[in-house]
Amino acid sequence: MTSPSALQPVADGWPAPTPDQPVNAEVQVPGSKSLTNRYLVLAALADGPSRLRAPLHSRDSALMITALRSLGAQITEVPGSGPFGPDLLVEPLGTGSDSEAEVDCGLAGTVMRFVPPVAALRKGTTSFDGDPHARLRPMGATIEALRGLGISVDDGGSGSLPFRVTGTGGVEGGRLEIDAGASSQFVSALLMTGARFANGLHLVHRGESVPSLDHIAMTVRVLRETGVEVDDSVPNEWKVSPGAIRAFDVRIEPDLSNAGPFLAAALATGGTVRIPGWPAETTQVGDKWRQILPQMGADAELADGVLTITGRGRIRGGVFADTSELAPTVAALCALADSPSVLTGIAHLRGHETDRLAALSTEINRLGGSVTETKDGLRIDPVPLHGGTFGTYADHRMATAGAIIGLAVPGVVVEDISATAKTMPEFAQLWTDLVSGAGQRSGKAQEG
């Protein structure tokens with residue numbers, strides 16, 4: 001991965017607002033990226049037209065829509081009741097006809113990992129590439145898995161983007177062993193297409209433990225919702241029976257991971273934030289906020305579909321294990337805590353949009369913090385912070401981490417707030433609205 005020192009922040013940026021009193025707000029967040037892109041893939045492979053209600057509209061979901069359209073799916077926007085954009089009608093794709101297709105993955109892990117197995121089902125060659133950072137993300141497991149299924153993949157020996165997948169109109173399937181230690185998305189990608197393989201799929205993981213198992217549980221759940229038989233009774237093995245993927249009509253849950261920065265604002269300011277539409281049961285990893293934030297000193301209440309988080313004027317440090325994509329938000333709060341913190345079980349974040357462990361330690365330390373990388377996480381010691389530029393590395397969760405710190409530290413400038421468009425284009429406006437209700441301190445960044 002590119003080191004943070006190779007990507008210097010620019011002078012101009014987005015001044016993170018600092019309220020002069022505790023926030024007190026209700027914030028509605030857009031649909032889940034993880035669910036939206038999973039349902040889009042399954043709709044493209046289904047046995048009839050499907051509808052996604054209140055889906056996410058962001059760069060990641062737009063890239064997925066464009067990718068599936070390039071493979072032959074028809075995806076149409078239609079009026080819906082969601083506050084952040086239209087619903088989506090999806091007509092499934094065919095097998096292709098020796099046609100060439102191109103897929104721009106951007107920086108979306110779900111696109112670069114979920115779509116190649118779909119392309120393997122069609123007849124023809126599909127070229128995959130993405131942003132410069134995307135070429136640094138681990139892709140070897142996807143490439144080797146496709147070859148293990150008898151699919152031709154030309155990656156020039158790089159094991160990464162760009163590469164070309166040439167399908168013959170079908171995949172035999174059967175038993176396949178992979179090493180998914182770098183990302184759970186390698187497993188989810190194959191499970192979602194496994195039912196369309198002639199012999200189904202018996203997927204076996206060999207290697208270090210698979211990170212983010214919650215995301216695989218999400219994939220298994222949506223597969224079962226669409227009529228796919230999945231046996232996950234043996235650890236590190238998944239059996240997908242061949243058969244149809246049933247067309248569906250589904251409403252997408254709010255993105256609970258993206259709700260995290262807003263909930264964190266309650267702790268950072270000693271205020272209260274409410275998120276409506278919180279599901280009573282969910283496979284989203286963001287549901288862990290109900291355990292993480294009370295551990296840090298907040299009160300949490302889920303009632304009538306509204307999660308309310310109230311800060312008590314103090315943020316406690318602690319040991320936080322396996323926080324996955326929530327880690328940047330947790331780290332930002334730990335940088336504001338009054339006692340040391342250790343984040344463990346997140347070594348795989350080095351292969352995300354950027355090396356998040358290096359980026360978080362670099363940027364928090366740039367503001368006067370005391371963060372040390374460990375083998376599988378971070379140690380964060382409490383020290384006073386000061387203003388300055390917070391680099392984002394084209395990573396949406398780095399941008400929101402900087403905004404959180406700016407709630408308590410005047411003069412923080414987030415290098416590129418537009419990085420949040422990856423999964424929440426509305427973030428800057430929602431954040432400004434959150435803070436403006438509490439009043440705001442002004443001040444220029446103090447570079448340190």
# chains A, B, ... in the order shown; residues from 1 in each chain; ligands from 1
>>> closest_atom_pairs(of="stretch 164-261 of chain A", to="stretch 128-151 of chain A", cutoff="10 Å", atoms="only C-alpha atoms", output="CSV")
residue,atom,partner,partner_atom,distance
A:Arg164,CA,A:Phe128,CA,6.1
A:Val165,CA,A:Ile151,CA,7.3
A:Thr166,CA,A:Ile151,CA,6.7
A:Gly167,CA,A:Ile151,CA,6.3
A:Thr168,CA,A:Ile151,CA,8.2
A:Gly170,CA,A:Ile151,CA,9.6
A:Val171,CA,A:Leu149,CA,7.0
A:Glu172,CA,A:Leu149,CA,7.2
A:Gly173,CA,A:Leu149,CA,6.1
A:Gly174,CA,A:Leu149,CA,8.1
A:Arg175,CA,A:Leu149,CA,8.8
A:Leu176,CA,A:Gly148,CA,6.8
A:Glu177,CA,A:Ala145,CA,7.6
A:Ile178,CA,A:Ala145,CA,6.4
A:Asp179,CA,A:Ala141,CA,6.3
A:Ala180,CA,A:Ala141,CA,6.5
A:Gly181,CA,A:Ala141,CA,9.0
A:Ala182,CA,A:Pro138,CA,6.9
A:Ser183,CA,A:Pro138,CA,8.1
A:Gln185,CA,A:Thr142,CA,9.2
A:Phe186,CA,A:Thr142,CA,6.0
A:Val187,CA,A:Thr142,CA,8.9
A:Ala189,CA,A:Thr142,CA,8.4
A:Leu190,CA,A:Ala145,CA,8.5
A:Phe197,CA,A:Leu149,CA,9.7
A:Leu201,CA,A:Leu149,CA,9.8
A:Leu203,CA,A:Ala145,CA,9.8
>>> closest_atom_pairs(of="stretch 262-363 of chain A", to="stretch 400-413 of chain A", cutoff="10 Å", atoms="only C-alpha atoms", output="Markdown table")
| residue | atom | partner | partner_atom | distance |
| --- | --- | --- | --- | --- |
| A:Phe262 | CA | A:Ile404 | CA | 8.3 |
| A:Leu263 | CA | A:Ile404 | CA | 9.9 |
| A:Ala264 | CA | A:Ile404 | CA | 7.1 |
| A:Ala265 | CA | A:Ile404 | CA | 6.5 |
| A:Ala266 | CA | A:Leu407 | CA | 9.9 |
| A:Leu267 | CA | A:Ile404 | CA | 9.8 |
| A:Ala268 | CA | A:Ala408 | CA | 6.2 |
| A:Thr269 | CA | A:Ala408 | CA | 6.8 |
| A:Ala327 | CA | A:Ala401 | CA | 9.5 |
| A:Pro328 | CA | A:Ala401 | CA | 5.8 |
| A:Thr329 | CA | A:Ala401 | CA | 5.4 |
| A:Val330 | CA | A:Ala401 | CA | 8.5 |
| A:Ala331 | CA | A:Ala401 | CA | 7.8 |
| A:Ala332 | CA | A:Ala401 | CA | 5.4 |
| A:Leu333 | CA | A:Ile405 | CA | 7.3 |
| A:Cys334 | CA | A:Ile405 | CA | 9.7 |
| A:Ala335 | CA | A:Ile405 | CA | 7.7 |
| A:Leu336 | CA | A:Ile405 | CA | 7.2 |
| A:Leu360 | CA | A:Ala401 | CA | 8.5 |
| A:Glu363 | CA | A:Gly402 | CA | 8.5 |
>>> write_last_selection(atoms="N, CA and C atoms", output="short mmCIF file (atom, residue, chain, number, x, y, z; two decimals), in the first residue's frame")
data_model
loop_
_atom_site.label_atom_id
_atom_site.label_comp_id
_atom_site.auth_asym_id
_atom_site.auth_seq_id
_atom_site.Cartn_x
_atom_site.Cartn_y
_atom_site.Cartn_z
N PHE A 262 -21.96 10.36 13.17
CA PHE A 262 -22.98 11.22 13.78
C PHE A 262 -23.23 10.81 15.23
N LEU A 263 -23.26 9.50 15.48
CA LEU A 263 -23.40 9.04 16.86
C LEU A 263 -22.18 9.43 17.68
N ALA A 264 -21.01 9.39 17.05
CA ALA A 264 -19.78 9.78 17.75
C ALA A 264 -19.83 11.24 18.17
N ALA A 265 -20.57 12.06 17.42
CA ALA A 265 -20.68 13.48 17.76
C ALA A 265 -21.31 13.68 19.13
N ALA A 266 -22.17 12.75 19.54
CA ALA A 266 -22.77 12.85 20.87
C ALA A 266 -21.70 12.73 21.95
N LEU A 267 -20.74 11.81 21.77
CA LEU A 267 -19.67 11.66 22.75
C LEU A 267 -18.70 12.82 22.68
N ALA A 268 -18.34 13.23 21.45
CA ALA A 268 -17.32 14.27 21.28
C ALA A 268 -17.77 15.61 21.84
N THR A 269 -19.09 15.84 21.89
CA THR A 269 -19.60 17.13 22.37
C THR A 269 -20.38 17.02 23.67
N ALA A 327 -13.46 1.12 12.66
CA ALA A 327 -12.23 1.49 13.36
C ALA A 327 -11.84 2.97 13.20
N PRO A 328 -11.94 3.58 12.01
CA PRO A 328 -11.54 4.99 11.94
C PRO A 328 -12.37 5.89 12.86
N THR A 329 -13.66 5.62 12.98
CA THR A 329 -14.48 6.41 13.89
C THR A 329 -14.09 6.13 15.33
N VAL A 330 -13.88 4.86 15.67
CA VAL A 330 -13.45 4.50 17.02
C VAL A 330 -12.12 5.18 17.34
N ALA A 331 -11.18 5.14 16.40
CA ALA A 331 -9.87 5.75 16.62
C ALA A 331 -9.98 7.25 16.85
N ALA A 332 -10.86 7.91 16.10
CA ALA A 332 -11.03 9.36 16.29
C ALA A 332 -11.53 9.66 17.69
N LEU A 333 -12.48 8.87 18.19
CA LEU A 333 -12.97 9.07 19.55
C LEU A 333 -11.88 8.75 20.57
N CYS A 334 -11.10 7.71 20.32
CA CYS A 334 -10.02 7.35 21.24
C CYS A 334 -8.98 8.47 21.33
N ALA A 335 -8.78 9.19 20.22
CA ALA A 335 -7.84 10.31 20.24
C ALA A 335 -8.34 11.44 21.14
N LEU A 336 -9.63 11.45 21.42
CA LEU A 336 -10.22 12.47 22.29
C LEU A 336 -10.49 11.95 23.70
N LEU A 360 -4.28 6.65 9.85
CA LEU A 360 -4.81 7.16 11.11
C LEU A 360 -3.69 7.59 12.06
N GLU A 363 -2.10 10.91 10.68
CA GLU A 363 -2.91 12.13 10.74
C GLU A 363 -3.24 12.55 12.16
#
>>> closest_atom_pairs(of="stretch 114-150 of chain A", to="stretch 61-74 of chain A", cutoff="8 Å", atoms="only C-alpha atoms", output="Markdown table")
| residue | atom | partner | partner_atom | distance |
| --- | --- | --- | --- | --- |
| A:Val115 | CA | A:Ala67 | CA | 7.4 |
| A:Ala119 | CA | A:Leu71 | CA | 6.9 |
| A:Arg122 | CA | A:Leu71 | CA | 7.7 |
>>> closest_residue(among="A:Gly351, A:Pro55, A:Pro254, A:Pro19", to="A:Leu88", atoms="only C-alpha atoms")
A:Pro55
>>> closest_residue(among="A:Leu326, A:Ala399, A:Val23, A:Met112", to="A:Val273", atoms="only C-alpha atoms")
A:Val23
>>> closest_residue(among="A:Val153, A:Ala16, A:Val250, A:Val435", to="A:Arg53", atoms="only C-alpha atoms")
A:Val250
>>> select_by_dssp(residues="stretch 171-302 of chain A", states="strand (DSSP E)", output="ChimeraX atom specification")
/A:174-178,201-205,230-231,237-240,249-251,272-276,299-302
>>> write_last_selection(atoms="C-alpha atoms", output="mmCIF file, in the first residue's frame")
data_model
loop_
_atom_site.group_PDB
_atom_site.id
_atom_site.type_symbol
_atom_site.label_atom_id
_atom_site.label_comp_id
_atom_site.auth_asym_id
_atom_site.auth_seq_id
_atom_site.Cartn_x
_atom_site.Cartn_y
_atom_site.Cartn_z
ATOM 1 C CA GLY A 174 -17.813 -27.369 -7.418
ATOM 2 C CA ARG A 175 -15.197 -27.381 -4.667
ATOM 3 C CA LEU A 176 -12.834 -24.416 -4.516
ATOM 4 C CA GLU A 177 -10.172 -23.495 -1.967
ATOM 5 C CA ILE A 178 -9.069 -19.891 -1.473
ATOM 6 C CA LEU A 201 -20.117 -24.047 -5.028
ATOM 7 C CA HIS A 202 -18.303 -25.635 -2.101
ATOM 8 C CA LEU A 203 -16.002 -22.835 -0.959
ATOM 9 C CA VAL A 204 -13.233 -23.585 1.547
ATOM 10 C CA HIS A 205 -11.027 -20.949 3.158
ATOM 11 C CA VAL A 230 -26.455 -22.000 1.775
ATOM 12 C CA ASP A 231 -24.853 -24.358 4.285
ATOM 13 C CA GLU A 237 -16.643 -23.619 4.587
ATOM 14 C CA TRP A 238 -19.710 -22.582 2.616
ATOM 15 C CA LYS A 239 -21.831 -24.781 0.355
ATOM 16 C CA VAL A 240 -24.143 -23.038 -2.121
ATOM 17 C CA ASP A 249 -38.723 -6.356 -3.735
ATOM 18 C CA VAL A 250 -36.719 -5.058 -0.768
ATOM 19 C CA ARG A 251 -36.311 -1.874 1.244
ATOM 20 C CA THR A 272 -27.449 13.667 22.049
ATOM 21 C CA VAL A 273 -27.912 12.235 18.552
ATOM 22 C CA ARG A 274 -30.851 10.165 17.340
ATOM 23 C CA ILE A 275 -30.835 7.926 14.251
ATOM 24 C CA PRO A 276 -34.297 6.847 13.037
ATOM 25 C CA ASP A 299 -25.833 6.037 27.104
ATOM 26 C CA ALA A 300 -27.566 4.081 24.326
ATOM 27 C CA GLU A 301 -31.265 3.398 23.883
ATOM 28 C CA LEU A 302 -33.084 1.722 20.988
#
